[in-house]
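Participant: Provided below: protein36.txt, containing compact mmCIF, C-alpha atoms.
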# COMPACT_ATOMS: atom_id res chain seq x y z
CA MET A 1 -0.31 -5.16 24.80
CA SER A 2 -2.75 -2.89 22.97
CA ALA A 3 -2.06 -1.56 19.51
CA THR A 4 -1.57 2.21 19.43
CA ALA A 5 -1.07 3.76 16.04
CA PRO A 6 1.79 6.23 15.59
CA GLN A 7 0.61 9.78 15.07
CA PRO A 8 0.18 10.42 11.30
CA SER A 9 2.69 12.84 9.81
CA ALA A 10 -0.24 14.88 8.46
CA PRO A 11 -3.83 15.06 9.78
CA PHE A 12 -6.62 13.86 7.50
CA GLY A 13 -7.25 16.43 4.80
CA GLN A 14 -3.83 18.04 5.19
CA TRP A 15 -1.75 15.51 3.28
CA THR A 16 -1.09 16.99 -0.16
CA GLY A 17 1.97 15.08 -1.36
CA GLY A 18 5.00 16.88 -2.74
CA GLN A 19 8.74 16.28 -2.39
CA VAL A 20 9.14 13.93 0.57
CA SER A 21 12.76 12.85 0.14
CA SER A 22 15.74 13.49 -2.09
CA HIS A 23 14.50 11.04 -4.69
CA ALA A 24 10.71 10.69 -4.22
CA TYR A 25 7.88 13.08 -5.09
CA CYS A 26 4.21 12.32 -4.47
CA LEU A 27 1.42 13.48 -6.77
CA LEU A 28 -1.82 12.94 -4.84
CA GLN A 29 -4.77 11.90 -6.97
CA GLY A 30 -8.07 13.58 -6.18
CA ASN A 31 -9.95 10.39 -5.31
CA PRO A 32 -10.39 10.44 -1.51
CA GLY A 33 -12.67 7.92 0.16
CA PRO A 34 -13.04 5.33 2.91
CA MET A 35 -10.72 2.93 1.10
CA THR A 36 -8.34 5.44 -0.52
CA LEU A 37 -8.00 7.79 2.49
CA ASP A 38 -6.72 11.15 1.16
CA GLY A 39 -6.46 9.66 -2.36
CA THR A 40 -3.99 7.50 -4.26
CA ASN A 41 -0.33 8.44 -3.93
CA THR A 42 1.41 8.38 -7.31
CA TRP A 43 5.16 8.35 -6.73
CA VAL A 44 7.78 9.82 -9.08
CA VAL A 45 11.23 8.44 -8.28
CA MET A 46 14.38 9.91 -9.80
CA ALA A 47 17.76 11.35 -8.90
CA PRO A 48 18.05 15.16 -8.93
CA GLY A 49 19.03 16.33 -12.38
CA SER A 50 18.32 12.99 -14.05
CA SER A 51 16.86 12.89 -17.55
CA SER A 52 14.58 9.95 -16.73
CA ALA A 53 12.07 9.02 -14.04
CA LEU A 54 10.16 6.00 -12.80
CA VAL A 55 6.52 6.21 -11.72
CA VAL A 56 5.00 3.96 -9.06
CA ASP A 57 1.18 3.50 -9.15
CA PRO A 58 -0.36 5.89 -11.72
CA GLY A 59 -3.70 5.68 -9.89
CA GLU A 60 -7.18 5.48 -11.35
CA ASP A 61 -7.65 6.21 -15.05
CA ASP A 62 -8.05 9.96 -15.10
CA ALA A 63 -6.72 12.04 -17.98
CA ALA A 64 -6.00 15.08 -15.81
CA HIS A 65 -4.06 13.12 -13.20
CA GLN A 66 -1.91 11.17 -15.64
CA GLN A 67 -1.20 14.36 -17.63
CA ARG A 68 -0.21 16.06 -14.38
CA VAL A 69 2.34 13.31 -13.77
CA VAL A 70 3.77 13.74 -17.27
CA ASP A 71 3.91 17.51 -16.91
CA HIS A 72 5.63 17.31 -13.53
CA VAL A 73 8.42 15.14 -14.91
CA ALA A 74 8.72 17.23 -18.08
CA ALA A 75 9.11 20.39 -16.00
CA LEU A 76 12.18 18.75 -14.45
CA GLY A 77 13.69 18.24 -17.91
CA ALA A 78 13.10 14.49 -17.76
CA ARG A 79 10.85 11.83 -19.23
CA ILE A 80 9.10 8.81 -17.74
CA THR A 81 10.82 5.61 -18.83
CA GLN A 82 9.21 3.04 -16.51
CA VAL A 83 5.86 2.56 -14.80
CA VAL A 84 5.64 -0.02 -12.01
CA LEU A 85 2.70 -1.19 -9.90
CA THR A 86 2.61 -2.23 -6.26
CA HIS A 87 -0.45 -4.39 -7.07
CA GLY A 88 -3.34 -4.66 -9.48
CA HIS A 89 -6.18 -2.90 -7.63
CA HIS A 90 -7.78 -0.33 -9.92
CA ASP A 91 -7.04 2.68 -7.71
CA HIS A 92 -3.34 1.99 -8.24
CA SER A 93 -3.16 0.44 -11.71
CA GLU A 94 -6.06 1.63 -13.85
CA GLY A 95 -4.18 4.69 -15.12
CA ALA A 96 -1.14 2.67 -16.24
CA PRO A 97 -2.25 2.12 -19.87
CA ARG A 98 -2.97 5.82 -20.35
CA LEU A 99 0.37 6.84 -18.83
CA ALA A 100 2.14 4.28 -21.01
CA ARG A 101 0.47 5.73 -24.12
CA LEU A 102 1.42 9.26 -23.14
CA THR A 103 5.07 8.43 -22.48
CA GLY A 104 5.93 5.24 -24.36
CA ALA A 105 7.08 3.77 -21.05
CA GLY A 106 6.72 0.08 -20.30
CA VAL A 107 4.56 -1.14 -17.42
CA ARG A 108 5.91 -3.69 -14.93
CA ALA A 109 4.01 -5.57 -12.25
CA VAL A 110 3.56 -9.06 -10.86
CA GLY A 111 1.79 -11.09 -13.55
CA ARG A 112 -1.40 -9.95 -15.30
CA GLY A 113 0.30 -9.84 -18.70
CA HIS A 114 2.93 -7.29 -17.71
CA ASP A 115 6.69 -7.56 -17.85
CA ASP A 116 6.84 -9.35 -14.55
CA LEU A 117 8.53 -8.10 -11.41
CA ALA A 118 10.23 -10.60 -9.12
CA ASP A 119 11.54 -10.38 -5.60
CA GLY A 120 15.04 -8.90 -5.56
CA ASP A 121 14.81 -7.26 -8.99
CA VAL A 122 16.68 -3.95 -9.08
CA LEU A 123 15.16 -1.17 -11.18
CA ASP A 124 16.91 1.94 -12.46
CA ALA A 125 14.69 4.80 -11.34
CA GLY A 126 16.27 7.75 -13.07
CA GLY A 127 19.74 7.27 -11.69
CA VAL A 128 18.69 5.80 -8.35
CA GLU A 129 17.90 2.15 -7.58
CA LEU A 130 14.62 0.61 -6.49
CA ARG A 131 14.70 -2.98 -5.24
CA VAL A 132 11.60 -5.15 -5.46
CA VAL A 133 10.51 -6.64 -2.12
CA ALA A 134 7.79 -9.28 -2.38
CA THR A 135 5.10 -8.41 0.20
CA PRO A 136 2.03 -10.52 -0.65
CA GLY A 137 -0.99 -10.70 1.61
CA HIS A 138 -3.11 -7.62 0.92
CA THR A 139 -3.27 -9.21 -2.53
CA SER A 140 -1.32 -12.10 -3.97
CA ASP A 141 0.54 -9.74 -6.33
CA SER A 142 1.54 -7.07 -3.79
CA VAL A 143 5.13 -5.86 -3.86
CA SER A 144 6.98 -3.02 -2.17
CA PHE A 145 9.96 -1.05 -3.46
CA ALA A 146 13.02 -0.31 -1.35
CA LEU A 147 14.59 3.07 -2.08
CA ALA A 148 17.91 2.50 -0.35
CA ALA A 149 19.25 5.98 -1.10
CA ASP A 150 16.51 7.45 1.13
CA HIS A 151 16.16 4.49 3.55
CA ALA A 152 12.52 4.39 2.43
CA LEU A 153 10.07 1.68 1.41
CA LEU A 154 7.19 2.29 -1.02
CA THR A 155 4.55 -0.08 0.32
CA GLY A 156 1.42 0.34 -1.80
CA ASP A 157 -1.43 -0.96 0.38
CA THR A 158 0.69 -3.31 2.50
CA VAL A 159 1.29 -0.52 5.04
CA LEU A 160 -0.75 2.69 4.87
CA GLY A 161 -0.06 6.19 6.12
CA ARG A 162 -2.88 5.96 8.66
CA GLY A 163 -5.17 3.21 9.83
CA THR A 164 -4.67 -0.39 8.77
CA THR A 165 -5.00 -2.24 5.50
CA VAL A 166 -7.42 -4.89 4.30
CA VAL A 167 -6.45 -8.48 3.61
CA ALA A 168 -8.49 -8.70 0.41
CA TYR A 169 -9.81 -12.27 0.67
CA PRO A 170 -9.87 -14.55 -1.30
CA ASP A 171 -6.94 -13.19 -3.30
CA GLY A 172 -5.37 -11.81 -0.15
CA GLU A 173 -4.15 -14.24 2.50
CA LEU A 174 -3.49 -13.51 6.15
CA GLU A 175 -0.59 -15.92 6.61
CA ALA A 176 1.21 -14.33 3.66
CA TYR A 177 0.41 -10.87 4.99
CA LEU A 178 1.82 -11.64 8.43
CA GLY A 179 4.96 -12.95 6.74
CA SER A 180 5.25 -9.71 4.76
CA LEU A 181 4.99 -7.65 7.95
CA GLU A 182 7.82 -9.72 9.42
CA ARG A 183 9.89 -9.09 6.33
CA ILE A 184 9.34 -5.33 6.55
CA ALA A 185 10.06 -5.45 10.28
CA ALA A 186 13.43 -7.03 9.52
CA LEU A 187 14.21 -4.16 7.11
CA THR A 188 13.24 -1.55 9.68
CA GLY A 189 15.06 -3.31 12.50
CA GLY A 190 18.26 -3.46 10.49
CA GLY A 191 18.08 0.22 9.59
CA ALA A 192 17.68 -0.34 5.84
CA VAL A 193 14.23 1.24 6.03
CA THR A 194 13.44 4.14 8.36
CA SER A 195 10.43 5.68 6.58
CA ILE A 196 7.44 4.39 4.62
CA LEU A 197 6.02 5.96 1.49
CA PRO A 198 2.55 4.41 1.32
CA GLY A 199 -0.02 4.04 -1.42
CA HIS A 200 -2.55 6.05 0.59
CA GLY A 201 -2.17 8.57 3.38
CA PRO A 202 0.82 10.59 4.53
CA THR A 203 4.39 9.37 4.76
CA VAL A 204 5.39 7.39 7.85
CA PRO A 205 8.60 8.83 9.35
CA ASP A 206 8.95 6.02 11.93
CA ALA A 207 8.63 2.84 9.89
CA SER A 208 9.55 0.57 12.79
CA ALA A 209 6.82 1.95 15.06
CA MET A 210 4.18 1.62 12.34
CA VAL A 211 5.10 -1.98 11.55
CA ASP A 212 5.06 -2.84 15.25
CA PHE A 213 1.57 -1.33 15.45
CA TYR A 214 0.42 -3.38 12.45
CA ARG A 215 1.76 -6.62 13.94
CA VAL A 216 0.12 -6.06 17.34
CA HIS A 217 -3.13 -4.93 15.71
CA ARG A 218 -3.33 -8.11 13.64
CA ALA A 219 -2.76 -10.27 16.71
CA GLU A 220 -5.47 -8.37 18.59
CA ARG A 221 -7.96 -8.76 15.74
CA LEU A 222 -7.32 -12.50 15.63
CA GLU A 223 -8.01 -12.76 19.34
CA GLN A 224 -11.21 -10.75 18.89
CA VAL A 225 -12.35 -13.07 16.09
CA ARG A 226 -11.59 -16.12 18.25
CA ALA A 227 -13.60 -14.59 21.09
CA ALA A 228 -16.53 -13.79 18.80
CA LEU A 229 -16.60 -17.35 17.52
CA ALA A 230 -16.42 -18.73 21.05
CA ASP A 231 -19.31 -16.45 21.98
CA GLY A 232 -21.48 -17.96 19.26
CA ALA A 233 -20.91 -15.69 16.25
CA ASP A 234 -21.87 -17.72 13.20
CA GLY A 235 -20.23 -16.64 9.95
CA ALA A 236 -18.31 -13.62 8.74
CA ASP A 237 -21.18 -11.11 8.99
CA ALA A 238 -21.83 -11.96 12.63
CA VAL A 239 -18.12 -11.64 13.41
CA VAL A 240 -17.95 -8.25 11.68
CA GLU A 241 -20.90 -6.97 13.71
CA ARG A 242 -19.10 -7.84 16.95
CA VAL A 243 -15.45 -7.20 16.18
CA TYR A 244 -15.91 -4.06 14.06
CA ALA A 245 -18.82 -2.53 15.97
CA ASP A 246 -16.76 0.62 16.61
CA VAL A 247 -15.80 1.03 12.94
CA ASP A 248 -17.81 3.11 10.47
CA ARG A 249 -20.22 0.87 8.57
CA SER A 250 -18.95 2.25 5.25
CA VAL A 251 -15.86 0.07 5.68
CA TRP A 252 -17.70 -3.06 6.85
CA PRO A 253 -17.55 -4.66 3.38
CA ALA A 254 -13.75 -4.33 3.53
CA ALA A 255 -13.74 -5.55 7.13
CA ARG A 256 -15.71 -8.60 5.98
CA MET A 257 -12.91 -9.49 3.55
CA SER A 258 -10.38 -9.31 6.37
CA VAL A 259 -12.62 -11.42 8.61
CA LEU A 260 -12.94 -14.06 5.90
CA ALA A 261 -9.14 -14.08 5.65
CA GLN A 262 -8.89 -14.43 9.43
CA LEU A 263 -11.40 -17.30 9.49
CA ALA A 264 -9.48 -19.11 6.73
CA TYR A 265 -6.26 -18.57 8.69
CA LEU A 266 -7.77 -19.93 11.91
CA GLN A 267 -9.23 -22.96 10.13
CA GLY A 268 -5.72 -23.91 9.07
CA ARG A 269 -4.48 -23.88 12.67
Hey, can you dump this file as structure tokens for me?
Facilitator:
Amino acid sequence: MSATAPQPSAPFGQWTGGQVSSHAYCLLQGNPGPMTLDGTNTWVVMAPGSSSALVVDPGEDDAAHQQRVVDHVAALGARITQVVLTHGHHDHSEGAPRLARLTGAGVRAVGRGHDDLADGDVLDAGGVELRVVATPGHTSDSVSFALAADHALLTGDTVLGRGTTVVAYPDGELEAYLGSLERIAALTGGGAVTSILPGHGPTVPDASAMVDFYRVHRAERLEQVRAALADGADGADAVVERVYADVDRSVWPAARMSVLAQLAYLQGR
């Protein structure tokens, strides 16, 4: 079985964010790149007419972007009362201190001196609930947020809007990541989650198909790494050259992290 990615809901360069569901609005940060795709998705979650809002992933520290988030919420007659992070990578979290200063909101994440988030925690996002779903693997601190009212899951970098994510070795771990994919698959299979609101790239309207693609893709990559090793590839760089030969070299450093995670996983088998 070969992994075939679902068609993105917006072609590259045409994803601009906006209101994607009854309770979620995306403000796209202007930081596109090989690792950030169209840019970082900053999510504002709130019920229509609420006086408060929750922000997921304020993005990189950029005065204009964080002020844009504040202004968007203010224009709705509301204020930001909570800021939460899917994980600690700078393109998601660096703007949190600035946004906290602008709004007086607290910042919550897994560890790193924040008010910690734990699996199963339920957050009040401006009159609608977000439930914390532990999804480690991309990083050890990665979490997703289930927005039950919209049957949506905010996934950070665990599942992207196009392409696949990096298992950011050594903090990221492949076994944990595969477990997180299984957990998300269970949510999609049971109907609790039908769409994905990712940290980068457009929304995913068919969550189940995307997670199936991710699972098959990971299995295929592992087989390719095994084959490269059997063919004499010595070390992560040699594996990258063989397995990721068809991938733009600009992402080879990220591919190397995933290969290191795959090698560590295989060594434990």
Participant: Of the residues A:Gln29, A:Gly126, A:Val132, A:Arg269, which is the one nearest to Gly95 in chain A, using only C-alpha atoms?
Facilitator: A:Gln29
Participant: Using only C-alpha atoms, can you tell me which of A:Arg101, A:Arg256, A:Arg79, A:His200 comes closest to Trp15 in chain A?
Facilitator: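 Residue with the minimum atom-to-atom distance to Trp15 in chain A: A:His200.
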Participant: Distance cut-off 7 Å, centre (-7.9, -16.5, 0.2) in file coordinates, counting all atoms listed in the file: which residues qualify? Return them as an NGL selection string.
Facilitator: :A and (169-173 or 261)
Participant: Show me the residues around (16.9, -0.4, -2.3) - criterion: an atom at most 6 Å away, only C-alpha atoms counted - as a compact mmCIF listing (two decimals) with C-alpha atoms, in the frame of the given file.
Facilitator:
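Result file selection36.txt:
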# COMPACT_ATOMS: atom_id res chain seq x y z
CA GLU A 129 17.90 2.15 -7.58
CA LEU A 130 14.62 0.61 -6.49
CA ARG A 131 14.70 -2.98 -5.24
CA ALA A 146 13.02 -0.31 -1.35
CA LEU A 147 14.59 3.07 -2.08
CA ALA A 148 17.91 2.50 -0.35
Participant: With all atoms listed in the file as the basis for distance, which of A:Ala254, A:Leu174, A:Asn31, A:Gln67 is at the shortest distance from Gly268 in chain A?
Facilitator: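 Result for the nearest residue to Gly268 in chain A: A:Leu174.
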Participant: Which of these residues is nearest to Thr203 in chain A, using all atoms listed in the file: A:Thr86, A:Thr81, A:Ser258, A:Asn41?
Facilitator: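 The shortest atom-to-atom distance to Thr203 in chain A comes from A:Asn41.
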Participant: Would you mind putting back N, CA and C atoms on range 215-237 of chain A, then writing it out as a short mmCIF file (atom, residue, chain, number, x, y, z; two decimals), in the coordinates of the input?
Facilitator:
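This is the output file result_34.cif:
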data_model
loop_
_atom_site.label_atom_id
_atom_site.label_comp_id
_atom_site.auth_asym_id
_atom_site.auth_seq_id
_atom_site.Cartn_x
_atom_site.Cartn_y
_atom_site.Cartn_z
N ARG A 215 1.62 -5.24 13.46
CA ARG A 215 1.76 -6.62 13.94
C ARG A 215 0.90 -6.85 15.18
N VAL A 216 0.93 -5.92 16.13
CA VAL A 216 0.12 -6.06 17.34
C VAL A 216 -1.36 -5.99 17.00
N HIS A 217 -1.72 -5.07 16.11
CA HIS A 217 -3.13 -4.93 15.71
C HIS A 217 -3.66 -6.22 15.11
N ARG A 218 -2.88 -6.86 14.26
CA ARG A 218 -3.33 -8.11 13.64
C ARG A 218 -3.52 -9.20 14.70
N ALA A 219 -2.62 -9.28 15.64
CA ALA A 219 -2.76 -10.27 16.71
C ALA A 219 -4.01 -10.00 17.54
N GLU A 220 -4.27 -8.73 17.83
CA GLU A 220 -5.47 -8.37 18.59
C GLU A 220 -6.74 -8.72 17.83
N ARG A 221 -6.77 -8.44 16.54
CA ARG A 221 -7.96 -8.76 15.74
C ARG A 221 -8.21 -10.27 15.73
N LEU A 222 -7.15 -11.05 15.62
CA LEU A 222 -7.32 -12.50 15.63
C LEU A 222 -7.92 -12.98 16.94
N GLU A 223 -7.47 -12.39 18.04
CA GLU A 223 -8.01 -12.76 19.34
C GLU A 223 -9.48 -12.35 19.44
N GLN A 224 -9.82 -11.20 18.88
CA GLN A 224 -11.21 -10.75 18.89
C GLN A 224 -12.10 -11.67 18.06
N VAL A 225 -11.58 -12.13 16.93
CA VAL A 225 -12.35 -13.07 16.09
C VAL A 225 -12.53 -14.39 16.84
N ARG A 226 -11.47 -14.89 17.46
CA ARG A 226 -11.59 -16.12 18.25
C ARG A 226 -12.66 -15.96 19.34
N ALA A 227 -12.64 -14.83 20.02
CA ALA A 227 -13.60 -14.59 21.09
C ALA A 227 -15.03 -14.52 20.55
N ALA A 228 -15.20 -13.88 19.40
CA ALA A 228 -16.53 -13.79 18.80
C ALA A 228 -17.06 -15.16 18.42
N LEU A 229 -16.20 -15.99 17.87
CA LEU A 229 -16.60 -17.35 17.52
C LEU A 229 -16.96 -18.15 18.77
N ALA A 230 -16.16 -18.01 19.81
CA ALA A 230 -16.42 -18.73 21.05
C ALA A 230 -17.72 -18.27 21.70
N ASP A 231 -18.10 -17.01 21.41
CA ASP A 231 -19.31 -16.45 21.98
C ASP A 231 -20.55 -16.75 21.13
N GLY A 232 -20.34 -17.53 20.05
CA GLY A 232 -21.48 -17.96 19.26
C GLY A 232 -21.67 -17.26 17.93
N ALA A 233 -20.79 -16.34 17.56
CA ALA A 233 -20.91 -15.69 16.25
C ALA A 233 -20.83 -16.74 15.15
N ASP A 234 -21.78 -16.71 14.25
CA ASP A 234 -21.87 -17.72 13.20
C ASP A 234 -21.69 -17.06 11.84
N GLY A 235 -20.50 -17.19 11.26
CA GLY A 235 -20.23 -16.64 9.95
C GLY A 235 -19.59 -15.28 9.99
N ALA A 236 -19.09 -14.86 8.83
CA ALA A 236 -18.31 -13.62 8.74
C ALA A 236 -19.12 -12.39 9.12
N ASP A 237 -20.38 -12.30 8.70
CA ASP A 237 -21.18 -11.11 8.99
C ASP A 237 -21.37 -10.93 10.49
#
